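Q: Structure provided below as structure tokens; questions to follow.
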Amino acid sequence: MNLIAKLDAQLQTAYPEMVAWRRYLHQHPELSFQEKETSRWIAARLREIGCEVKEGIGGYGIVASVRGEKPGPAIALRTDFDALPIQDEKKTDYISTVPGVMHACGHDAHTATMLAIAAFYQANKDQFAGERRFLFQPAEEVSPGGAIGMINDGAIDGIDAVYGVHLWTPFPYGTVATRSGPFMAAPDEIYIDITGKGGHGALPHETVDAVLVGSALVQALQTIVSRSVNPLDPSVVTIGSFHAGSTANVIAERCRLVGTVRTFSEDVRAFVRGRLEAIVSHTASMYGAQASLEYRDGYPTVVNDAKEAERFFKVAVEAFDAESVKESTLIMAGEDFAYYLREVPGCFMFVGAGNPECGATFPHHHPRFDIDERAMLKSAKLMVAMAEDFAAEALSGESEG
């Protein structure tokens, strides 16, 4: 029985424990950069499995390793384990026990999947060559993210390839997807502060209305994408927060707009930023107000290595079937897995986790978010298959050399 065939059998046996791990984590979420107890829990499970474990990597990050009996490539598999500041509104027996905090993006299931993968490799050390390194990363949800700290602390030193999976409810259970090159957007943040001149609501001529200026800005900023960016270059400018004023008969002196910019190329990113700066400055000036723009660079664009994306389409068809394997559209969400791909060849992949039959119909970051837990099996198989195909190719090249 080859390694992948063993994987199917062992995952089926491990599945109840994977579900239990995932539901424990779902009930005990911790926010980004606060994952102290989650990190301890993960490290304890990894030591029970028998892995080499290093804690405190880039904060609460963990690096675990299993080494095969023969020399070979070092391959990293990455997961994340932070939660979000959202009140869990599901009607399940594993609802979050922490008020205002929940796993609303699948990171609990990512972590349970990686623990099962680590256990599989530990049980089959005589069946593979080289090192399999498991990156348990904190703080994916909040910029600057946890990946940079992990990298700076040596998490991928000596690594030949890196792979990661996101369970994704917009894609139906049973499907897997990725794309070559740019895949997920660079998610930047913008903070605009407007200062006008407050006054009585009955005397607008004596004021500079910050609400009016903010409203004009919201309208004007939409023209960046609709009229300034090439329609063939996907991009988004969204104002998600507008705060001004306190009562009916007072004209607000100050207004704050907060939003996000999503782009896929550095040229478009720079262009959008320039247009933002110009529109904010000129619109405020036109109304006699003052405005400042703080532009915070988020994660880079996730750019999959062309060869590793090609590997996905070969391996996924072999592991599942051709009908299940899709080329993804561009995804406007961001991911700090992008930083690993800047250092090491690799591929970030999506595994469908949506299923109306089990209530997994709500979008990521929704209070009723949930997944089809069977997607964890697909995710584990995909990552192991990618790693072993890379290893087989690397070892074949060495023997031919």
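Following the order of the structure tokens, chains are lettered A, B, ..., residues in each are numbered from 1, and ligands are numbered from 1.
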Near Arg179 in chain A, within 12 Å and counting only C-alpha atoms, which residues show up once chain neighbours fewer than 5 positions away are dropped, as number ranges by chain?

A: A: 184, 302-313, 325-331, 346-350

Q: Could you give me, as a PyMOL selection string, each residue of range 27-166 of chain A that DSSP assigns to strand (DSSP E or B) when run on this structure's backbone?

A: chain A and resi 31+52-57+61-67+70-80+83-84+102+129-137+161-166

Q: From a DSSP calculation on the backbone, collect every residue of range 177-251 of chain A in alpha helix (DSSP H) and output the set as a PyMOL selection string.

A: chain A and resi 210-223

Q: Take the residues from that selection and put them in a file with all heavy atoms, as a short mmCIF file (atom, residue, chain, number, x, y, z; two decimals), in the first residue's frame.

A:
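Result file follows (result04.cif):
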```
data_model
loop_
_atom_site.label_atom_id
_atom_site.label_comp_id
_atom_site.auth_asym_id
_atom_site.auth_seq_id
_atom_site.Cartn_x
_atom_site.Cartn_y
_atom_site.Cartn_z
N ALA A 210 -18.70 68.79 7.88
CA ALA A 210 -17.85 67.62 7.66
C ALA A 210 -18.64 66.43 7.11
O ALA A 210 -18.09 65.60 6.37
CB ALA A 210 -17.16 67.22 8.97
N VAL A 211 -19.92 66.33 7.44
CA VAL A 211 -20.75 65.26 6.90
C VAL A 211 -20.90 65.42 5.39
O VAL A 211 -20.83 64.45 4.63
CB VAL A 211 -22.14 65.24 7.58
CG1 VAL A 211 -23.08 64.28 6.86
CG2 VAL A 211 -22.01 64.83 9.03
N LEU A 212 -21.11 66.65 4.94
CA LEU A 212 -21.23 66.92 3.51
C LEU A 212 -19.93 66.55 2.79
O LEU A 212 -19.95 65.92 1.73
CB LEU A 212 -21.56 68.39 3.29
CG LEU A 212 -21.67 68.84 1.83
CD1 LEU A 212 -22.80 68.12 1.12
CD2 LEU A 212 -21.85 70.34 1.75
N VAL A 213 -18.81 66.95 3.37
CA VAL A 213 -17.51 66.64 2.75
C VAL A 213 -17.30 65.13 2.70
O VAL A 213 -16.86 64.58 1.68
CB VAL A 213 -16.36 67.32 3.51
CG1 VAL A 213 -15.03 67.01 2.85
CG2 VAL A 213 -16.59 68.83 3.59
N GLY A 214 -17.60 64.46 3.81
CA GLY A 214 -17.45 63.00 3.83
C GLY A 214 -18.33 62.33 2.80
O GLY A 214 -17.91 61.37 2.12
N SER A 215 -19.57 62.79 2.67
CA SER A 215 -20.49 62.21 1.70
C SER A 215 -19.97 62.41 0.27
O SER A 215 -20.05 61.50 -0.56
CB SER A 215 -21.87 62.85 1.84
OG SER A 215 -22.39 62.63 3.14
N ALA A 216 -19.47 63.60 0.01
CA ALA A 216 -18.90 63.86 -1.32
C ALA A 216 -17.70 62.96 -1.59
O ALA A 216 -17.51 62.48 -2.72
CB ALA A 216 -18.50 65.33 -1.42
N LEU A 217 -16.91 62.73 -0.55
CA LEU A 217 -15.75 61.86 -0.72
C LEU A 217 -16.16 60.43 -1.03
O LEU A 217 -15.56 59.76 -1.89
CB LEU A 217 -14.88 61.89 0.53
CG LEU A 217 -13.69 62.83 0.51
CD1 LEU A 217 -12.98 62.82 1.86
CD2 LEU A 217 -12.71 62.43 -0.60
N VAL A 218 -17.16 59.92 -0.32
CA VAL A 218 -17.62 58.55 -0.58
C VAL A 218 -18.03 58.41 -2.05
O VAL A 218 -17.68 57.42 -2.71
CB VAL A 218 -18.80 58.18 0.35
CG1 VAL A 218 -19.42 56.84 -0.07
CG2 VAL A 218 -18.34 58.10 1.79
N GLN A 219 -18.73 59.39 -2.55
CA GLN A 219 -19.14 59.35 -3.96
C GLN A 219 -17.94 59.45 -4.89
O GLN A 219 -17.80 58.69 -5.84
CB GLN A 219 -20.11 60.51 -4.23
CG GLN A 219 -21.42 60.44 -3.48
CD GLN A 219 -22.44 59.51 -4.12
OE1 GLN A 219 -22.16 58.90 -5.15
NE2 GLN A 219 -23.60 59.41 -3.52
N ALA A 220 -17.05 60.39 -4.60
CA ALA A 220 -15.92 60.62 -5.50
C ALA A 220 -14.96 59.44 -5.54
O ALA A 220 -14.39 59.12 -6.60
CB ALA A 220 -15.18 61.89 -5.07
N LEU A 221 -14.77 58.78 -4.41
CA LEU A 221 -13.82 57.66 -4.36
C LEU A 221 -14.26 56.49 -5.23
O LEU A 221 -13.43 55.70 -5.67
CB LEU A 221 -13.59 57.22 -2.92
CG LEU A 221 -12.89 58.24 -2.01
CD1 LEU A 221 -12.79 57.71 -0.59
CD2 LEU A 221 -11.50 58.58 -2.56
N GLN A 222 -15.59 56.40 -5.47
CA GLN A 222 -16.06 55.30 -6.32
C GLN A 222 -15.62 55.48 -7.77
O GLN A 222 -15.62 54.51 -8.54
CB GLN A 222 -17.59 55.21 -6.25
CG GLN A 222 -18.14 55.03 -4.84
CD GLN A 222 -17.44 53.92 -4.06
OE1 GLN A 222 -17.34 52.79 -4.53
NE2 GLN A 222 -16.93 54.26 -2.88
N THR A 223 -15.26 56.68 -8.15
CA THR A 223 -14.84 56.91 -9.54
C THR A 223 -13.44 56.37 -9.80
O THR A 223 -13.03 56.27 -10.97
CB THR A 223 -14.87 58.40 -9.89
OG1 THR A 223 -13.87 59.11 -9.13
CG2 THR A 223 -16.23 59.01 -9.61
#
```

Q: Leaving out range 143-145 of chain A and any residue of its chain fewer than 6 positions from it, which residues lie within 10 Å of it when counting only C-alpha atoms, given as an NGL selection string?

A: :A and (32-33 or 58 or 137 or 187-189 or 296-299 or 335-337 or 339)

Q: Write the residues of the selection above to a file with N, CA, C and O atoms, as an mmCIF file, in the first residue's frame.

A:
```cif
data_model
loop_
_atom_site.group_PDB
_atom_site.id
_atom_site.type_symbol
_atom_site.label_atom_id
_atom_site.label_comp_id
_atom_site.auth_asym_id
_atom_site.auth_seq_id
_atom_site.Cartn_x
_atom_site.Cartn_y
_atom_site.Cartn_z
ATOM 1 N N SER A 32 -6.589 37.474 17.189
ATOM 2 C CA SER A 32 -5.243 37.610 16.627
ATOM 3 C C SER A 32 -4.297 38.261 17.630
ATOM 4 O O SER A 32 -4.661 39.235 18.301
ATOM 5 N N PHE A 33 -3.101 37.720 17.727
ATOM 6 C CA PHE A 33 -2.040 38.176 18.624
ATOM 7 C C PHE A 33 -2.367 37.930 20.103
ATOM 8 O O PHE A 33 -1.641 38.390 20.977
ATOM 9 N N GLY A 58 7.669 33.690 16.137
ATOM 10 C CA GLY A 58 6.916 34.853 15.664
ATOM 11 C C GLY A 58 5.769 35.201 16.583
ATOM 12 O O GLY A 58 4.709 35.623 16.132
ATOM 13 N N GLN A 137 0.404 28.977 12.425
ATOM 14 C CA GLN A 137 0.613 30.426 12.441
ATOM 15 C C GLN A 137 -0.508 31.175 13.146
ATOM 16 O O GLN A 137 -1.690 30.965 12.857
ATOM 17 N N PRO A 187 -4.732 43.443 0.432
ATOM 18 C CA PRO A 187 -5.800 44.162 1.146
ATOM 19 C C PRO A 187 -5.254 45.327 1.971
ATOM 20 O O PRO A 187 -4.759 45.151 3.082
ATOM 21 N N ASP A 188 -5.322 46.527 1.439
ATOM 22 C CA ASP A 188 -4.838 47.714 2.141
ATOM 23 C C ASP A 188 -5.985 48.385 2.901
ATOM 24 O O ASP A 188 -7.163 48.163 2.607
ATOM 25 N N GLU A 189 -5.630 49.230 3.862
ATOM 26 C CA GLU A 189 -6.630 49.942 4.653
ATOM 27 C C GLU A 189 -6.430 51.445 4.510
ATOM 28 O O GLU A 189 -5.290 51.923 4.410
ATOM 29 N N ARG A 296 -2.575 52.399 4.873
ATOM 30 C CA ARG A 296 -1.805 51.315 5.483
ATOM 31 C C ARG A 296 -1.701 50.142 4.519
ATOM 32 O O ARG A 296 -2.706 49.512 4.167
ATOM 33 N N ASP A 297 -0.482 49.857 4.089
ATOM 34 C CA ASP A 297 -0.268 48.703 3.222
ATOM 35 C C ASP A 297 -0.605 47.425 3.973
ATOM 36 O O ASP A 297 -0.148 47.205 5.105
ATOM 37 N N GLY A 298 -1.408 46.567 3.344
ATOM 38 C CA GLY A 298 -1.718 45.268 3.912
ATOM 39 C C GLY A 298 -0.797 44.200 3.358
ATOM 40 O O GLY A 298 0.344 44.475 2.951
ATOM 41 N N TYR A 299 -1.271 42.973 3.327
ATOM 42 C CA TYR A 299 -0.474 41.868 2.814
ATOM 43 C C TYR A 299 -0.241 42.044 1.311
ATOM 44 O O TYR A 299 -1.050 42.668 0.610
ATOM 45 N N GLU A 335 -4.580 37.360 2.122
ATOM 46 C CA GLU A 335 -4.013 36.270 2.920
ATOM 47 C C GLU A 335 -2.525 36.521 3.105
ATOM 48 O O GLU A 335 -1.808 36.775 2.139
ATOM 49 N N ASP A 336 -2.033 36.408 4.354
ATOM 50 C CA ASP A 336 -0.604 36.644 4.540
ATOM 51 C C ASP A 336 0.246 35.430 4.201
ATOM 52 O O ASP A 336 1.467 35.455 4.354
ATOM 53 N N PHE A 337 -0.371 34.375 3.678
ATOM 54 C CA PHE A 337 0.409 33.302 3.043
ATOM 55 C C PHE A 337 1.267 33.878 1.918
ATOM 56 O O PHE A 337 2.277 33.284 1.522
ATOM 57 N N TYR A 339 3.390 36.121 2.011
ATOM 58 C CA TYR A 339 4.780 36.335 2.428
ATOM 59 C C TYR A 339 5.617 35.077 2.260
ATOM 60 O O TYR A 339 6.792 35.143 1.880
#
```

Q: Set the distance at 8 Å and use only C-alpha atoms: which residues neighbour range 80-94 of chain A once local chain neighbours fewer than 5 positions away are removed? I'd like the list as a ChimeraX atom specification.

A: /A:23-24,26-27,29-33,35,38,99-105,107-108,110-111,136-141,365-369

Q: Next, dump the selected residues to file, keeping only C-alpha atoms, as a PDB file, in the first residue's frame.

A:
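Final output, saved to out33.pdb:
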```pdb
ATOM      1  CA  ARG A  23     -15.076  21.696  17.775  1.00  0.00           C
ATOM      2  CA  TYR A  24     -12.921  22.190  20.871  1.00  0.00           C
ATOM      3  CA  HIS A  26     -14.413  26.427  17.903  1.00  0.00           C
ATOM      4  CA  GLN A  27     -15.631  26.593  21.485  1.00  0.00           C
ATOM      5  CA  PRO A  29     -11.460  30.949  20.196  1.00  0.00           C
ATOM      6  CA  GLU A  30      -8.827  33.632  20.731  1.00  0.00           C
ATOM      7  CA  LEU A  31      -8.279  36.832  18.780  1.00  0.00           C
ATOM      8  CA  SER A  32      -5.243  37.610  16.627  1.00  0.00           C
ATOM      9  CA  PHE A  33      -2.040  38.176  18.624  1.00  0.00           C
ATOM     10  CA  GLU A  35      -3.751  33.110  21.027  1.00  0.00           C
ATOM     11  CA  THR A  38      -4.676  27.995  21.747  1.00  0.00           C
ATOM     12  CA  PRO A  99     -18.609  36.262  24.148  1.00  0.00           C
ATOM     13  CA  GLY A 100     -17.953  38.303  21.029  1.00  0.00           C
ATOM     14  CA  VAL A 101     -15.276  35.976  19.635  1.00  0.00           C
ATOM     15  CA  MET A 102     -15.687  33.102  17.176  1.00  0.00           C
ATOM     16  CA  HIS A 103     -13.954  31.077  14.509  1.00  0.00           C
ATOM     17  CA  ALA A 104     -15.846  32.578  11.583  1.00  0.00           C
ATOM     18  CA  CYS A 105     -13.326  31.749   8.876  1.00  0.00           C
ATOM     19  CA  HIS A 107      -9.094  28.415  11.084  1.00  0.00           C
ATOM     20  CA  ASP A 108     -10.228  25.918  13.719  1.00  0.00           C
ATOM     21  CA  HIS A 110      -7.425  24.270   9.338  1.00  0.00           C
ATOM     22  CA  THR A 111      -5.661  23.527  12.632  1.00  0.00           C
ATOM     23  CA  PHE A 136       0.964  26.687  12.949  1.00  0.00           C
ATOM     24  CA  GLN A 137       0.613  30.426  12.441  1.00  0.00           C
ATOM     25  CA  PRO A 138      -1.165  32.973  14.643  1.00  0.00           C
ATOM     26  CA  ALA A 139      -2.691  36.284  13.584  1.00  0.00           C
ATOM     27  CA  GLU A 140      -3.658  35.776   9.968  1.00  0.00           C
ATOM     28  CA  GLU A 141      -6.707  38.008  10.282  1.00  0.00           C
ATOM     29  CA  HIS A 365     -16.859  36.337   8.784  1.00  0.00           C
ATOM     30  CA  HIS A 366     -20.622  35.865   9.265  1.00  0.00           C
ATOM     31  CA  PRO A 367     -22.038  35.237  12.788  1.00  0.00           C
ATOM     32  CA  ARG A 368     -23.578  31.947  11.584  1.00  0.00           C
ATOM     33  CA  PHE A 369     -20.574  30.736   9.622  1.00  0.00           C
TER      34      PHE A 369
END
```

Q: Report as a tab-separated table: every residue of range 142-239 of chain A with an atom at most 12 Å from range 253-269 of chain A, its closest pair of atoms, and their distance in Å to one decimal, counting only C-alpha atoms, with rows sorted by chain and ascending residue number.

A:
```
residue	atom	partner	partner_atom	distance
A:Gly181	CA	A:Phe264	CA	10.1
A:Pro182	CA	A:Phe264	CA	6.5
A:Phe183	CA	A:Phe264	CA	8.0
A:Met184	CA	A:Phe264	CA	7.3
A:Ala185	CA	A:Phe264	CA	5.1
A:Ala186	CA	A:Thr263	CA	5.4
A:Pro187	CA	A:Arg262	CA	4.9
A:Asp188	CA	A:Val261	CA	5.1
A:Glu189	CA	A:Thr260	CA	4.5
A:Ile190	CA	A:Gly259	CA	5.1
A:Tyr191	CA	A:Val258	CA	4.7
A:Ile192	CA	A:Leu257	CA	5.0
A:Asp193	CA	A:Arg256	CA	4.7
A:Ile194	CA	A:Cys255	CA	5.1
A:Thr195	CA	A:Arg254	CA	4.7
A:Gly196	CA	A:Glu253	CA	4.8
A:Lys197	CA	A:Glu253	CA	4.8
A:Gly198	CA	A:Glu253	CA	4.0
A:Gly199	CA	A:Glu253	CA	7.6
A:His200	CA	A:Glu253	CA	10.7
A:Gly201	CA	A:Glu253	CA	11.5
A:Pro204	CA	A:Glu253	CA	11.6
A:Glu206	CA	A:Glu253	CA	11.7
A:Thr207	CA	A:Glu253	CA	8.2
A:Val208	CA	A:Glu253	CA	7.2
A:Asp209	CA	A:Glu253	CA	6.4
A:Ala210	CA	A:Arg254	CA	5.4
A:Val211	CA	A:Cys255	CA	6.3
A:Leu212	CA	A:Cys255	CA	9.3
A:Val213	CA	A:Cys255	CA	8.3
A:Gly214	CA	A:Cys255	CA	6.5
A:Ser215	CA	A:Leu257	CA	9.6
A:Ala216	CA	A:Leu257	CA	11.5
A:Leu217	CA	A:Leu257	CA	9.0
A:Val218	CA	A:Leu257	CA	8.3
A:Leu221	CA	A:Gly259	CA	10.6
A:Gln222	CA	A:Val261	CA	11.2
A:Ile224	CA	A:Val261	CA	10.6
A:Val225	CA	A:Val261	CA	10.1
A:Ser228	CA	A:Val268	CA	10.3
A:Val229	CA	A:Val268	CA	7.5
A:Asn230	CA	A:Val268	CA	8.9
A:Pro231	CA	A:Val268	CA	11.2
A:Leu232	CA	A:Val268	CA	10.9
A:Asp233	CA	A:Val268	CA	7.5
A:Pro234	CA	A:Thr263	CA	6.5
A:Ser235	CA	A:Thr263	CA	4.7
A:Val236	CA	A:Arg262	CA	5.0
A:Val237	CA	A:Val261	CA	4.7
A:Thr238	CA	A:Thr260	CA	5.3
A:Ile239	CA	A:Gly259	CA	4.0
```
